[in-house]
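Chemist: Please read through the structure below; I'll follow up with questions.
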Amino acid sequence: MGVAGAEGAAARNGPGPVHDADVPSTLSTDRVVARMRAIGYHYFVDSEGDVGGLWFGRLFHFFLIGDAQQIFQVRGRWNRRLTLERLAEVLDLCDRWNRELLWPKCYVRVQDDGYVHVVAEVSTPFAAGATDAQLTTCIQNGLAYAGAVFDALDRHYPDPAEAAP
């Protein structure tokens, strides 16, 4: 086939093959696990099928939510807890964070034991699906942004066990 024939074939067939990783596809727990494995992260899948892991001693989960599980959410929980007497001040800290910064959303939960736990989450809608690169970015950004909230909490509430007696 001459040059003109090759150019004609290229025009008919497009610029070349597209790799599956470059095409947005539906989110699934299997894809999240595959991305975790590809990144080299250690993770677990719990008895309810949720993917999670520990980063810097902090527990994170990776959820698919929404009617069609089209929203990918990275949710972390600070690895410490506060007494109920600190509820107003930690609510104020979370409120300031949420007003001043786009990510992550942070909030508190008062557990049945009476302690206050701080949660941070980053949610990203993928109605049209996501590429592998987009999913990787969301995993890494969710961990980084939630980690920033927890680092701020660590600075605001230093661990007394870390100080010399």
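We label chains A, B, ... in the order they appear in the structure tokens, count residues from 1 in each chain, and number ligands from 1 in the order shown.
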As a ChimeraX atom specification, please: the residues near Ser28 (chain A) (cut-off 9 Å, only C-alpha atoms, same-chain neighbours under 3 positions excluded).
Modeler: /A:31-33,64,69-70
Chemist: Please list as a PyMOL selection string every residue within 6 Å of region 101-106 of chain A, counting only C-alpha atoms and excluding residues in the same chain fewer than 6 positions away.
Modeler: chain A and resi 94+119-122+145-146
Chemist: Go ahead and write the selection's residues with C-alpha atoms as a PDB file, in the first residue's frame.
Modeler:
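The resulting file, part.pdb, is shown below:
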```pdb
ATOM      1  CA  CYS A  94     -14.351  21.998  61.381  1.00  0.00           C
ATOM      2  CA  VAL A 119     -14.189  12.536  59.944  1.00  0.00           C
ATOM      3  CA  ALA A 120     -12.954  14.002  56.652  1.00  0.00           C
ATOM      4  CA  GLU A 121     -14.188  13.052  53.205  1.00  0.00           C
ATOM      5  CA  VAL A 122     -13.654  13.901  49.572  1.00  0.00           C
ATOM      6  CA  TYR A 145      -6.549  16.332  51.749  1.00  0.00           C
ATOM      7  CA  ALA A 146      -8.048  14.356  54.622  1.00  0.00           C
TER       8      ALA A 146
END
```
Chemist: Could you give me, as number ranges by chain, each residue of region 58-154 of chain A that DSSP assigns to alpha helix (DSSP H) when run on this structure's backbone?
Modeler: A: 87-100, 132-154
Chemist: Pick from A:Val116, A:Val90, A:Ala127, A:Met36: nearest to Arg77 (chain A), with only C-alpha atoms counted?
Modeler: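 Among A:Val116, A:Val90, A:Ala127, A:Met36, it is A:Val116 that comes nearest to Arg77 (chain A).
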Chemist: Between CA of Ala161 (chain A) and CA of Leu59 (chain A), measure the distance and give it in Å to one decimal.
Modeler: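 Atom-to-atom, CA of Ala161 (chain A) and CA of Leu59 (chain A) are spaced 20.3 Å apart.
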Chemist: Identify, on the basis of only C-alpha atoms, every residue whose closest approach to Asp132 (chain A) does not exceed 7 Å; exclude the query and any residue fewer than 4 positions from it along the same chain; express the result as a PyMOL selection string.
Modeler: chain A and resi 21-22+136
Chemist: Extract, using only C-alpha atoms, all DNA, RNA and protein residues at most 12 Å from His156 (chain A), discarding same-chain residues fewer than 3 positions from it, and format them as an MDAnalysis selection string.
Modeler: chainID A and resid 82 86 89:90 93:94 149:153 159:160
